[in-house]
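J.: Below is the file final.txt, which contains compact mmCIF, C-alpha atoms and all ligand atoms.
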```txt
# COMPACT_ATOMS: atom_id res chain seq x y z
CA MET A 1420 0.00 0.00 0.00
CA LYS A 1421 1.18 3.54 -0.74
CA VAL A 1422 -0.18 6.66 1.02
CA LEU A 1423 0.96 9.94 -0.53
CA HIS A 1424 1.17 12.65 2.15
CA VAL A 1425 0.69 16.30 1.22
CA ALA A 1426 2.29 19.15 3.17
CA GLY A 1427 2.50 22.75 2.08
CA ALA A 1428 2.53 25.24 4.92
CA ARG A 1429 4.07 25.42 8.39
CA PRO A 1430 1.12 24.00 10.39
CA ASN A 1431 1.00 20.95 8.08
CA PHE A 1432 4.46 19.72 9.00
CA MET A 1433 3.74 18.79 12.64
CA LYS A 1434 0.57 17.04 11.47
CA ILE A 1435 2.17 14.77 8.87
CA ALA A 1436 5.18 13.91 11.08
CA PRO A 1437 3.44 11.26 13.25
CA LEU A 1438 1.39 9.94 10.30
CA VAL A 1439 4.41 9.29 8.09
CA ALA A 1440 6.18 7.58 11.02
CA ALA A 1441 3.17 5.43 11.91
CA PHE A 1442 2.49 4.33 8.31
CA GLU A 1443 6.15 3.48 7.76
CA ALA A 1444 6.30 1.51 11.01
CA GLU A 1445 3.52 -0.69 9.61
CA GLY A 1446 5.35 -1.23 6.32
CA VAL A 1447 3.16 1.18 4.33
CA ALA A 1448 5.05 3.42 1.89
CA ALA A 1449 4.47 7.06 2.91
CA PRO A 1450 6.07 9.41 0.36
CA ILE A 1451 5.71 13.14 0.97
CA CYS A 1452 4.81 15.81 -1.56
CA HIS A 1453 5.79 19.30 -0.37
CA THR A 1454 3.88 21.87 -2.37
CA GLY A 1455 6.32 24.67 -1.52
CA GLN A 1456 3.54 26.98 -0.28
CA HIS A 1457 5.90 27.84 2.58
CA TYR A 1458 9.52 27.90 1.52
CA ASP A 1459 11.62 30.03 3.94
CA GLU A 1460 14.14 28.02 5.95
CA ARG A 1461 12.37 28.99 9.20
CA MET A 1462 8.89 28.26 7.84
CA SER A 1463 9.72 24.86 6.37
CA ARG A 1464 13.12 23.07 6.39
CA LEU A 1465 13.74 23.68 10.08
CA PHE A 1466 10.54 21.78 10.92
CA PHE A 1467 11.53 18.76 8.82
CA GLU A 1468 14.91 18.63 10.57
CA GLU A 1469 13.60 19.10 14.11
CA LEU A 1470 10.75 16.62 13.76
CA GLY A 1471 12.80 14.04 11.83
CA ILE A 1472 10.37 14.08 8.89
CA PRO A 1473 11.84 12.26 5.86
CA ARG A 1474 12.82 14.43 2.90
CA PRO A 1475 9.86 15.03 0.58
CA SER A 1476 10.13 12.91 -2.54
CA VAL A 1477 8.73 15.84 -4.54
CA ASN A 1478 8.71 19.61 -4.01
CA LEU A 1479 6.27 21.44 -6.26
CA GLY A 1480 7.92 24.81 -5.49
CA VAL A 1481 4.73 26.85 -5.91
CA GLY A 1482 5.67 29.72 -3.55
CA SER A 1483 3.41 32.66 -2.74
CA GLY A 1484 0.58 34.17 -4.76
CA THR A 1485 -3.07 35.11 -4.68
CA HIS A 1486 -5.44 32.38 -3.53
CA ALA A 1487 -6.40 31.51 -7.08
CA ALA A 1488 -2.83 31.58 -8.38
CA GLN A 1489 -1.44 29.51 -5.51
CA THR A 1490 -4.26 26.95 -5.55
CA ALA A 1491 -4.08 26.63 -9.33
CA ALA A 1492 -0.29 26.24 -9.32
CA VAL A 1493 -0.50 23.43 -6.75
CA MET A 1494 -3.21 21.67 -8.76
CA GLU A 1495 -1.34 21.89 -12.04
CA ARG A 1496 1.90 20.59 -10.54
CA PHE A 1497 0.34 17.93 -8.31
CA GLU A 1498 -1.57 16.18 -11.09
CA PRO A 1499 1.47 14.60 -12.81
CA VAL A 1500 2.81 13.54 -9.39
CA VAL A 1501 -0.33 11.52 -8.65
CA LEU A 1502 -0.29 10.03 -12.17
CA GLU A 1503 3.34 8.99 -11.77
CA LYS A 1504 3.22 7.74 -8.17
CA ARG A 1505 -0.17 6.00 -8.41
CA PRO A 1506 -0.87 6.07 -4.65
CA ASP A 1507 -3.66 4.01 -3.08
CA LEU A 1508 -4.60 7.02 -0.98
CA VAL A 1509 -3.77 10.73 -0.92
CA LEU A 1510 -3.69 12.11 2.61
CA VAL A 1511 -4.18 15.84 3.19
CA VAL A 1512 -4.14 17.65 6.54
CA GLY A 1513 -5.53 20.93 7.87
CA ASP A 1514 -7.06 23.76 5.89
CA VAL A 1515 -4.45 25.57 3.84
CA ASN A 1516 -4.65 26.19 0.08
CA SER A 1517 -2.43 23.16 -0.61
CA THR A 1518 -4.90 20.94 1.28
CA LEU A 1519 -7.81 21.80 -0.98
CA ALA A 1520 -5.77 21.90 -4.20
CA CYS A 1521 -4.37 18.39 -3.73
CA ALA A 1522 -7.67 16.89 -2.55
CA LEU A 1523 -9.39 18.17 -5.72
CA VAL A 1524 -6.68 16.81 -8.01
CA ALA A 1525 -6.66 13.36 -6.40
CA VAL A 1526 -10.41 12.87 -6.31
CA LYS A 1527 -10.72 13.83 -9.98
CA LEU A 1528 -8.08 11.24 -10.87
CA GLY A 1529 -10.15 8.64 -9.02
CA VAL A 1530 -7.68 8.31 -6.13
CA PRO A 1531 -9.29 8.12 -2.67
CA VAL A 1532 -8.58 11.06 -0.37
CA ALA A 1533 -8.27 11.12 3.42
CA HIS A 1534 -8.66 14.46 5.20
CA VAL A 1535 -7.09 14.64 8.64
CA GLU A 1536 -8.61 17.36 10.86
CA ALA A 1537 -11.92 17.13 9.04
CA GLY A 1538 -15.18 18.84 9.98
CA LEU A 1539 -13.84 21.89 11.84
CA ARG A 1540 -16.03 24.90 11.10
CA SER A 1541 -15.84 28.55 12.14
CA PHE A 1542 -19.05 29.21 10.18
CA ASP A 1543 -17.29 32.33 8.92
CA ARG A 1544 -16.89 32.27 5.17
CA ARG A 1545 -14.72 35.38 5.24
CA MET A 1546 -11.88 33.10 6.35
CA PRO A 1547 -10.13 31.48 3.40
CA GLU A 1548 -9.50 28.42 5.58
CA GLU A 1549 -13.24 27.91 6.09
CA ILE A 1550 -13.73 27.60 2.33
CA ASN A 1551 -10.78 25.19 2.16
CA ARG A 1552 -12.24 23.10 5.00
CA MET A 1553 -15.74 22.86 3.52
CA ALA A 1554 -14.59 22.12 -0.01
CA THR A 1555 -11.95 19.57 1.09
CA ASP A 1556 -14.46 17.69 3.25
CA ALA A 1557 -17.03 17.68 0.46
CA VAL A 1558 -14.72 15.74 -1.88
CA SER A 1559 -12.79 13.57 0.61
CA ASP A 1560 -13.56 9.89 1.13
CA LEU A 1561 -12.21 9.40 4.64
CA LEU A 1562 -12.87 12.14 7.18
CA TYR A 1563 -10.74 11.94 10.34
CA CYS A 1564 -11.87 14.31 13.10
CA SER A 1565 -9.82 15.72 15.95
CA GLU A 1566 -12.76 16.73 18.17
CA PRO A 1567 -16.49 15.88 18.51
CA SER A 1568 -17.62 19.13 16.83
CA GLY A 1569 -15.94 17.95 13.62
CA ARG A 1570 -18.03 14.80 13.56
CA ARG A 1571 -21.22 16.72 14.40
CA ASN A 1572 -20.63 19.28 11.65
CA LEU A 1573 -19.94 16.66 9.00
CA LEU A 1574 -23.02 14.62 9.85
CA ALA A 1575 -25.15 17.78 9.86
CA GLU A 1576 -23.83 18.54 6.37
CA GLY A 1577 -24.93 15.09 5.22
CA ALA A 1578 -21.65 13.14 5.19
CA SER A 1579 -22.31 9.41 5.49
CA PRO A 1580 -21.34 8.23 8.98
CA GLU A 1581 -19.21 5.44 7.48
CA ARG A 1582 -16.77 8.07 6.23
CA VAL A 1583 -16.38 9.92 9.52
CA GLN A 1584 -14.02 8.78 12.30
CA LEU A 1585 -13.21 10.60 15.53
CA VAL A 1586 -9.53 9.74 16.02
CA GLY A 1587 -7.99 12.53 18.10
CA ASN A 1588 -5.43 15.16 17.27
CA VAL A 1589 -2.27 14.33 15.30
CA MET A 1590 -0.70 17.69 16.15
CA ILE A 1591 -0.93 16.74 19.81
CA ASP A 1592 0.83 13.44 18.98
CA THR A 1593 3.77 15.58 17.90
CA LEU A 1594 3.58 17.86 20.93
CA LEU A 1595 3.62 14.96 23.40
CA ARG A 1596 6.44 13.23 21.54
CA HIS A 1597 8.70 16.29 21.52
CA ARG A 1598 7.93 17.99 24.80
CA ASP A 1599 11.09 16.87 26.56
CA ARG A 1600 13.30 17.76 23.61
CA ALA A 1601 11.64 21.19 23.56
CA ALA A 1602 12.53 21.75 27.21
CA ALA A 1603 16.12 20.66 26.48
CA THR A 1604 16.57 23.50 23.96
CA GLY A 1605 16.78 25.95 26.87
CA ALA A 1606 14.91 28.48 24.72
CA ARG A 1607 13.07 29.86 27.72
CA GLY A 1608 16.24 30.85 29.52
CA ARG A 1609 17.96 32.13 26.39
CA LEU A 1610 15.13 34.12 24.80
CA VAL A 1611 13.09 35.11 27.86
CA GLY A 1612 14.92 34.95 31.18
CA THR A 1613 11.81 35.64 33.29
CA ASP A 1614 8.76 33.59 34.33
CA ARG A 1615 6.27 36.40 33.95
CA TYR A 1616 5.90 36.65 30.20
CA ALA A 1617 3.22 36.38 27.55
CA VAL A 1618 3.56 35.03 23.99
CA VAL A 1619 1.84 36.76 21.08
CA THR A 1620 1.28 35.39 17.56
CA LEU A 1621 -0.76 37.07 14.84
CA HIS A 1622 -0.88 36.24 11.15
CA ARG A 1623 -4.53 36.07 9.99
CA PRO A 1624 -5.12 38.38 7.02
CA ALA A 1625 -8.26 39.70 8.79
CA ASN A 1626 -6.08 40.91 11.68
CA VAL A 1627 -2.77 41.95 10.16
CA ASP A 1628 -3.71 43.10 6.66
CA ASP A 1629 -6.43 45.43 7.99
CA ARG A 1630 -4.69 48.56 9.25
CA GLY A 1631 -7.43 49.53 11.72
CA ILE A 1632 -7.52 46.14 13.40
CA ALA A 1633 -3.73 45.78 13.43
CA GLU A 1634 -3.36 49.22 15.04
CA GLY A 1635 -5.99 48.41 17.67
CA LEU A 1636 -4.19 45.19 18.54
CA VAL A 1637 -0.84 46.98 18.84
CA GLU A 1638 -2.43 49.47 21.25
CA ALA A 1639 -3.99 46.62 23.24
CA LEU A 1640 -0.53 45.02 23.55
CA ALA A 1641 0.85 48.35 24.80
CA GLU A 1642 -1.83 48.42 27.49
CA ILE A 1643 -1.29 44.88 28.72
CA ALA A 1644 2.53 45.04 28.60
CA PRO A 1645 2.88 46.41 32.19
CA HIS A 1646 1.34 43.15 33.51
CA PHE A 1647 4.37 41.20 32.24
CA ASP A 1648 8.15 41.41 32.30
CA ALA A 1649 8.22 40.55 28.62
CA LEU A 1650 5.95 40.03 25.60
CA LEU A 1651 7.46 37.61 23.08
CA PHE A 1652 6.18 38.12 19.56
CA PRO A 1653 7.65 35.89 16.82
CA LEU A 1654 6.67 37.55 13.55
CA HIS A 1655 5.19 35.59 10.64
CA PRO A 1656 6.49 36.98 7.29
CA ARG A 1657 2.97 38.20 6.42
CA THR A 1658 2.75 40.09 9.74
CA CYS A 1659 6.21 41.58 9.40
CA ALA A 1660 5.37 42.93 5.93
CA ALA A 1661 1.92 44.18 6.98
CA LEU A 1662 3.22 46.05 10.06
CA ASP A 1663 5.86 47.76 7.92
CA ARG A 1664 3.24 48.67 5.33
CA HIS A 1665 0.99 50.17 8.02
CA GLY A 1666 3.91 52.06 9.61
CA LEU A 1667 3.31 50.26 12.94
CA THR A 1668 6.66 48.52 13.47
CA THR A 1669 8.30 51.40 15.38
CA ARG A 1670 5.31 51.77 17.69
CA LEU A 1671 5.27 48.02 18.37
CA ARG A 1672 9.01 48.00 19.08
CA SER A 1673 8.65 50.91 21.51
CA ILE A 1674 6.36 48.95 23.87
CA ASP A 1675 8.11 48.21 27.17
CA GLY A 1676 9.15 44.56 27.36
CA MET A 1677 8.24 43.83 23.71
CA ARG A 1678 10.60 41.35 22.05
CA LEU A 1679 10.04 40.95 18.34
CA LEU A 1680 11.54 37.69 17.09
CA LYS A 1681 12.00 35.92 13.78
CA PRO A 1682 9.73 32.89 13.28
CA LEU A 1683 10.91 30.24 15.78
CA GLY A 1684 11.47 26.56 15.17
CA TYR A 1685 8.99 24.02 16.53
CA LEU A 1686 10.99 23.00 19.60
CA GLU A 1687 11.94 26.50 20.74
CA PHE A 1688 8.40 27.76 20.28
CA LEU A 1689 6.96 24.81 22.19
CA ASP A 1690 9.30 25.46 25.11
CA ILE A 1691 8.38 29.15 25.18
CA MET A 1692 4.67 28.48 24.94
CA ALA A 1693 4.80 25.87 27.71
CA GLY A 1694 6.32 28.36 30.17
CA ALA A 1695 4.14 31.36 29.32
CA ALA A 1696 1.73 32.98 31.79
CA LEU A 1697 -0.58 33.73 28.85
CA VAL A 1698 -0.74 33.27 25.09
CA LEU A 1699 -2.55 35.71 22.78
CA THR A 1700 -3.03 34.34 19.28
CA ASP A 1701 -5.09 34.12 16.11
CA SER A 1702 -3.67 30.71 15.17
CA GLY A 1703 -5.83 27.58 15.14
CA GLY A 1704 -3.17 25.12 16.23
CA ILE A 1705 -1.94 27.21 19.15
CA GLN A 1706 -5.43 27.14 20.70
CA GLU A 1707 -5.10 23.35 20.81
CA GLU A 1708 -1.49 23.26 21.99
CA THR A 1709 -2.15 25.64 24.91
CA THR A 1710 -5.12 23.50 25.94
CA VAL A 1711 -2.83 20.49 26.27
CA LEU A 1712 -0.12 22.50 28.02
CA GLY A 1713 -2.68 24.00 30.43
CA VAL A 1714 -1.58 27.53 29.50
CA PRO A 1715 -4.30 30.23 29.34
CA CYS A 1716 -5.01 31.29 25.75
CA LEU A 1717 -6.91 34.29 24.42
CA THR A 1718 -7.97 33.94 20.80
CA LEU A 1719 -7.98 37.28 19.03
CA ARG A 1720 -10.68 36.42 16.51
CA PRO A 1721 -14.48 36.66 16.48
CA ASN A 1722 -14.85 32.86 16.43
CA THR A 1723 -13.07 29.52 16.57
CA GLU A 1724 -13.42 26.34 14.56
CA ARG A 1725 -12.00 24.44 17.55
CA PRO A 1726 -14.75 24.81 20.20
CA VAL A 1727 -13.44 21.96 22.36
CA THR A 1728 -10.54 24.23 23.37
CA VAL A 1729 -13.10 26.63 24.89
CA ASP A 1730 -15.57 24.07 26.26
CA GLU A 1731 -12.92 21.87 27.86
CA GLY A 1732 -9.58 23.64 27.50
CA THR A 1733 -7.97 26.92 28.50
CA ASN A 1734 -9.03 28.97 25.49
CA ARG A 1735 -11.29 32.04 25.39
CA VAL A 1736 -12.42 33.73 22.19
CA VAL A 1737 -12.21 37.48 22.80
CA GLY A 1738 -12.33 39.13 19.37
CA THR A 1739 -10.12 42.04 18.38
CA ALA A 1740 -11.66 45.11 20.07
CA PRO A 1741 -8.78 46.57 22.17
CA ALA A 1742 -10.97 47.11 25.28
CA ASP A 1743 -12.17 43.48 25.15
CA VAL A 1744 -8.63 42.16 24.81
CA VAL A 1745 -7.37 44.24 27.75
CA ALA A 1746 -10.34 43.24 29.94
CA ALA A 1747 -9.86 39.55 29.08
CA VAL A 1748 -6.17 39.69 30.00
CA GLN A 1749 -6.98 41.24 33.38
CA GLU A 1750 -9.64 38.63 34.02
CA VAL A 1751 -7.40 35.69 33.10
CA LEU A 1752 -4.60 36.99 35.33
CA ARG A 1753 -7.07 37.33 38.23
CA ASP A 1754 -8.71 33.97 37.65
CA PRO A 1755 -6.72 31.63 35.37
CA PRO A 1756 -8.88 29.02 33.61
CA ASN A 1757 -8.72 25.37 34.62
CA GLY A 1758 -8.95 23.16 31.59
CA ARG A 1759 -8.81 19.48 30.84
CA VAL A 1760 -7.23 17.65 27.92
CA PRO A 1761 -9.94 16.58 25.42
CA ASP A 1762 -10.60 12.87 24.90
CA LEU A 1763 -8.29 11.10 22.43
CA TRP A 1764 -5.67 13.85 22.52
CA ASP A 1765 -3.38 11.21 23.91
CA GLY A 1766 -0.53 10.85 21.42
CA ARG A 1767 -2.14 7.95 19.53
CA ALA A 1768 -4.24 9.71 16.86
CA ALA A 1769 -1.90 8.84 13.97
CA GLN A 1770 -1.87 5.21 15.09
CA ARG A 1771 -5.69 5.12 15.02
CA ILE A 1772 -5.73 6.53 11.48
CA VAL A 1773 -3.18 3.98 10.28
CA GLU A 1774 -5.13 1.12 11.85
CA HIS A 1775 -8.34 2.32 10.23
CA VAL A 1776 -6.76 2.68 6.79
CA ARG A 1777 -5.11 -0.75 7.05
CA SER A 1778 -8.30 -2.45 8.19
CA GLY A 1779 -9.91 -2.19 4.74
CA ALA A 1780 -11.16 1.43 4.82
CA ILE A 1781 -10.19 2.07 1.18
CA ASP A 1782 -12.18 -0.95 -0.09
CA ALA A 1783 -15.12 -0.01 2.13
CA ILE A 1784 -15.15 3.46 0.59
CA ALA A 1785 -15.14 2.01 -2.94
CA GLN A 1786 -18.20 -0.07 -2.02
CA LEU A 1787 -19.88 2.94 -0.45
CA ARG A 1788 -19.36 4.96 -3.65
CA GLU A 1789 -20.78 2.06 -5.69
CA GLY A 1790 -23.85 1.99 -3.44
CA GLU A 1791 -24.30 5.76 -3.74
CA ARG A 1792 -24.22 5.51 -7.54
CA SER A 1793 -26.83 2.77 -7.60
CA ARG A 1794 -29.13 4.70 -5.27
CA ALA A 1795 -28.94 7.91 -7.33
CA PRO A 1796 -32.52 9.11 -7.99
CA THR A 1797 -33.86 8.56 -11.50
CA PRO A 1798 -35.07 11.92 -12.82
CA THR A 1799 -38.74 12.17 -13.69
CA PRO A 1800 -39.08 13.26 -17.32
CA ASP A 1801 -40.71 16.68 -17.77
CA TRP A 1802 -43.52 15.26 -19.95
CA LYS A 1803 -44.58 12.96 -17.09
CA ASP A 1804 -44.90 15.86 -14.61
CA GLU A 1805 -46.98 17.82 -17.10
CA ARG A 1806 -49.28 14.87 -17.80
CA GLU A 1807 -49.91 14.36 -14.07
C1 LIG B 1 -1.04 30.07 5.42
C2 LIG B 1 -2.43 29.43 5.52
C3 LIG B 1 -2.99 29.63 6.91
C4 LIG B 1 -2.02 29.16 7.97
C5 LIG B 1 -0.68 29.83 7.75
C6 LIG B 1 0.34 29.35 8.75
C7 LIG B 1 -3.80 29.48 3.48
C8 LIG B 1 -4.96 30.11 2.82
N1 LIG B 1 -3.37 30.07 4.60
O1 LIG B 1 -1.20 31.46 5.61
O2 LIG B 1 -4.19 28.89 7.03
O3 LIG B 1 -2.54 29.46 9.23
O4 LIG B 1 -0.23 29.53 6.44
O5 LIG B 1 1.54 30.05 8.63
O6 LIG B 1 -3.31 28.49 2.98
N2 LIG B 1 5.85 34.09 3.09
C9 LIG B 1 7.20 34.14 3.23
N3 LIG B 1 7.87 32.97 3.38
C10 LIG B 1 7.24 31.76 3.39
C11 LIG B 1 5.86 31.73 3.25
C12 LIG B 1 5.16 32.90 3.12
O7 LIG B 1 7.81 35.20 3.22
O8 LIG B 1 7.93 30.74 3.54
C13 LIG B 1 5.10 35.36 2.97
C14 LIG B 1 4.81 35.76 1.56
O9 LIG B 1 4.90 37.14 1.46
C15 LIG B 1 3.37 35.36 1.36
C16 LIG B 1 2.80 35.56 2.76
O10 LIG B 1 3.87 35.23 3.65
O11 LIG B 1 2.72 36.12 0.40
C17 LIG B 1 1.63 34.68 3.06
O12 LIG B 1 1.90 33.30 2.79
P1 LIG B 1 0.70 32.32 2.37
O13 LIG B 1 1.21 30.94 2.23
O14 LIG B 1 -0.02 32.89 1.20
O15 LIG B 1 -0.31 32.42 3.58
P2 LIG B 1 -0.08 32.48 5.15
O16 LIG B 1 -0.48 33.81 5.62
O17 LIG B 1 1.26 31.98 5.53
```
As structure tokens, please, write out the structure in this file.
Ligand code: UD1
T.:
Amino acid sequence: MKVLHVAGARPNFMKIAPLVAAFEAEGVAAPICHTGQHYDERMSRLFFEELGIPRPSVNLGVGSGTHAAQTAAVMERFEPVVLEKRPDLVLVVGDVNSTLACALVAVKLGVPVAHVEAGLRSFDRRMPEEINRMATDAVSDLLYCSEPSGRRNLLAEGASPERVQLVGNVMIDTLLRHRDRAAATGARGRLVGTDRYAVVTLHRPANVDDRGIAEGLVEALAEIAPHFDALLFPLHPRTCAALDRHGLTTRLRSIDGMRLLKPLGYLEFLDIMAGAALVLTDSGGIQEETTVLGVPCLTLRPNTERPVTVDEGTNRVVGTAPADVVAAVQEVLRDPPNGRVPDLWDGRAAQRIVEHVRSGAIDAIAQLREGERSRAPTPTPDWKDERE
């Protein structure tokens, strides 16, 4: 059996790492196709090295572009790869443009597709990731969910229950596997040197590309800074460029205790996050990681597609209004949330997926498709309606 793994952008790499390892441990070939959506050393290669992910057998080298240009470039370059490699299954993770592009190509070539992290919904179509999630799930054959809301959403949208499996969170597999190595980096001592610090990450276009919102968030950070000895803010390339464009970099730098950093590697960032008094973020994955680490998290967005992190974990969705952010920080410092780790976030999610795939899931899906075709309704001819 051959399972072709797709990875394109930074958050994909920690998700494929345990899957590739678990498939290979069972003797299943697990080649990787890197689309090249993220290409900087610190956004890509560093993660492969740190997490011991095998070298991709193909790199499509698509780089940056508009949504249409990037998605189209991935599709055009991925098609010959699938034709040449003839995988039994194409496995895509998460919700980036590469995820959707490769799922579409595979399904149209008649190759079954598995989507890992299926069913998450923010119900906010202004987010490009929401479109990627909905469209990827609509064409995928095997839908592996990380939390119960994923399963609920898919069933409500009409997915057949046979396709949907609640397996847990592969990104948490990686976190649990590398936690000790993260602590051994000593990043906390080297980059922080105090226990009373907060970590900030922002990269959503809705937050950083919009000058008004970006400025409000910078002012909110200035107001909360006195509560901490340091605010650590590793800057995503999009954020760095947007802040410069808006003329906000100098103001941000002038905040007392603010430490602007280059994007960090996986291990250093994990160590810093684990020791933080508070994390403020608009990332999806960080909401999940802080829940497992038991670190309070404030999500600077109007919604989340990961509600289990709020219902059971340490996450609170606070939006982007500066007064709301400041009030939420004060409240969390007064009364830190007590969370629990969601069911199945136990380091064995990848293993569950591999077991399911190896236990005949691909054949079962082929039969399901056959059944769906035979049950397709026969259209009533127009003349018959008129006669009746
Ligand atoms: C992408 C994903 C987003 C994910 C994020 C994680 C989509 C639609 N978005 O957003 O879901 O949360 O990755 O980081 O797929 N750039 C570099 N070097 C790189 C990569 C990007 O400088 O290695 C710069 C380029 O200027 C590029 C910009 O960052 O135009 C944005 O990159 P892009 O891949 O389009 O989207 P992200 O914002 O990274």
J.: For ligand LIG 1 (chain B), which residue out of A:Lys1504, A:Arg1623, A:Lys1421, A:Arg1609 is the nearest one, using only C-alpha atoms and all ligand atoms?
T.: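 Closest residue, counting only C-alpha atoms and all ligand atoms: A:Arg1623.
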J.: Restrict the calculation to all atoms listed in the file, then for each residue of chain A with any atom at most 8 Å from an atom of ligand LIG 1 (chain B) give the closest atom pair and their distance in Å to one decimal, rows by chain and rising residue number, as a Markdown table.
T.:
```
| residue | atom | partner | partner_atom | distance |
| --- | --- | --- | --- | --- |
| A:Ala1428 | CA | B:LIG1 | O4 | 5.3 |
| A:Arg1429 | CA | B:LIG1 | O5 | 5.3 |
| A:Pro1430 | CA | B:LIG1 | C6 | 5.6 |
| A:Gln1456 | CA | B:LIG1 | O13 | 5.2 |
| A:His1457 | CA | B:LIG1 | O8 | 3.7 |
| A:Tyr1458 | CA | B:LIG1 | O8 | 3.8 |
| A:Asp1459 | CA | B:LIG1 | O8 | 3.8 |
| A:Glu1460 | CA | B:LIG1 | O8 | 7.2 |
| A:Arg1461 | CA | B:LIG1 | O8 | 7.4 |
| A:Met1462 | CA | B:LIG1 | O8 | 5.1 |
| A:Ser1463 | CA | B:LIG1 | O8 | 6.8 |
| A:Gly1482 | CA | B:LIG1 | C11 | 7.1 |
| A:Ser1483 | CA | B:LIG1 | O11 | 4.7 |
| A:Gly1484 | CA | B:LIG1 | O11 | 5.9 |
| A:Thr1485 | CA | B:LIG1 | O14 | 7.0 |
| A:His1486 | CA | B:LIG1 | C8 | 6.8 |
| A:Gln1489 | CA | B:LIG1 | O14 | 7.6 |
| A:Asp1514 | CA | B:LIG1 | O2 | 6.0 |
| A:Val1515 | CA | B:LIG1 | O6 | 3.3 |
| A:Asn1516 | CA | B:LIG1 | O6 | 3.9 |
| A:Ser1517 | CA | B:LIG1 | O6 | 6.5 |
| A:Thr1518 | CA | B:LIG1 | O6 | 7.9 |
| A:Pro1547 | CA | B:LIG1 | C8 | 5.4 |
| A:Glu1548 | CA | B:LIG1 | O2 | 5.5 |
| A:Asn1551 | CA | B:LIG1 | C8 | 7.6 |
| A:His1622 | CA | B:LIG1 | O16 | 6.1 |
| A:Arg1623 | CA | B:LIG1 | O16 | 6.4 |
| A:Pro1624 | CA | B:LIG1 | O16 | 6.7 |
| A:His1655 | CA | B:LIG1 | O5 | 6.9 |
| A:Pro1656 | CA | B:LIG1 | O7 | 4.6 |
| A:Arg1657 | CA | B:LIG1 | O10 | 4.2 |
| A:Thr1658 | CA | B:LIG1 | O10 | 7.9 |
| A:Ala1660 | CA | B:LIG1 | O9 | 7.3 |
| A:Ser1702 | CA | B:LIG1 | O3 | 6.2 |
| A:Gly1703 | CA | B:LIG1 | O3 | 7.0 |
```
J.: Which residues come within 10 Å of Val1637 (chain A), counting all atoms listed in the file, excluding same-chain residues fewer than 5 positions away, as a PyMOL selection string?
T.: chain A and resi 1632+1642+1662+1667-1668+1670-1672+1674+1741
J.: How would the residues just chosen look if you wrote them out with C-alpha atoms as a PDB file, in the coordinates of the input?
T.:
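Output (part-v1.pdb):
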```pdb
ATOM      1  CA  ILE A1632      -7.520  46.140  13.400  1.00  0.00           C
ATOM      2  CA  GLU A1642      -1.830  48.420  27.490  1.00  0.00           C
ATOM      3  CA  LEU A1662       3.220  46.050  10.060  1.00  0.00           C
ATOM      4  CA  LEU A1667       3.310  50.260  12.940  1.00  0.00           C
ATOM      5  CA  THR A1668       6.660  48.520  13.470  1.00  0.00           C
ATOM      6  CA  ARG A1670       5.310  51.770  17.690  1.00  0.00           C
ATOM      7  CA  LEU A1671       5.270  48.020  18.370  1.00  0.00           C
ATOM      8  CA  ARG A1672       9.010  48.000  19.080  1.00  0.00           C
ATOM      9  CA  ILE A1674       6.360  48.950  23.870  1.00  0.00           C
ATOM     10  CA  PRO A1741      -8.780  46.570  22.170  1.00  0.00           C
TER      11      PRO A1741
END
```
J.: Using Å and a single decimal, report how far CA of Leu1508 (chain A) sits from CA of Glu1581 (chain A).
T.: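 So the two atoms, CA of Glu1581 (chain A) and CA of Leu1508 (chain A), lie 17.0 Å apart.
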J.: Skip Met1420 (chain A) itself and residues of its chain fewer than 6 positions away, then list as a list in words all residues within 7 Å of it, counting only C-alpha atoms.
T.: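 Answer for this query is Val1447, Ala1448 and Asp1507 of chain A.
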J.: Place N, CA and C atoms on region 1591-1598 of chain A and deliver the coordinates as an mmCIF file, in the frame of the given file.
T.:
```cif
data_model
loop_
_atom_site.group_PDB
_atom_site.id
_atom_site.type_symbol
_atom_site.label_atom_id
_atom_site.label_comp_id
_atom_site.auth_asym_id
_atom_site.auth_seq_id
_atom_site.Cartn_x
_atom_site.Cartn_y
_atom_site.Cartn_z
ATOM 1 N N ILE A 1591 -1.235 16.987 18.397
ATOM 2 C CA ILE A 1591 -0.930 16.740 19.810
ATOM 3 C C ILE A 1591 -0.031 15.493 19.947
ATOM 4 N N ASP A 1592 -0.144 14.551 19.010
ATOM 5 C CA ASP A 1592 0.830 13.440 18.980
ATOM 6 C C ASP A 1592 2.243 14.022 18.960
ATOM 7 N N THR A 1593 2.434 14.989 18.061
ATOM 8 C CA THR A 1593 3.770 15.580 17.900
ATOM 9 C C THR A 1593 4.184 16.337 19.156
ATOM 10 N N LEU A 1594 3.254 17.083 19.717
ATOM 11 C CA LEU A 1594 3.580 17.860 20.930
ATOM 12 C C LEU A 1594 4.046 16.915 22.053
ATOM 13 N N LEU A 1595 3.283 15.856 22.283
ATOM 14 C CA LEU A 1595 3.620 14.960 23.400
ATOM 15 C C LEU A 1595 4.953 14.254 23.143
ATOM 16 N N ARG A 1596 5.199 13.938 21.876
ATOM 17 C CA ARG A 1596 6.440 13.230 21.540
ATOM 18 C C ARG A 1596 7.670 14.119 21.736
ATOM 19 N N HIS A 1597 7.511 15.424 21.542
ATOM 20 C CA HIS A 1597 8.700 16.290 21.520
ATOM 21 C C HIS A 1597 8.818 17.228 22.715
ATOM 22 N N ARG A 1598 7.947 17.043 23.680
ATOM 23 C CA ARG A 1598 7.930 17.990 24.800
ATOM 24 C C ARG A 1598 9.254 18.047 25.561
#
```
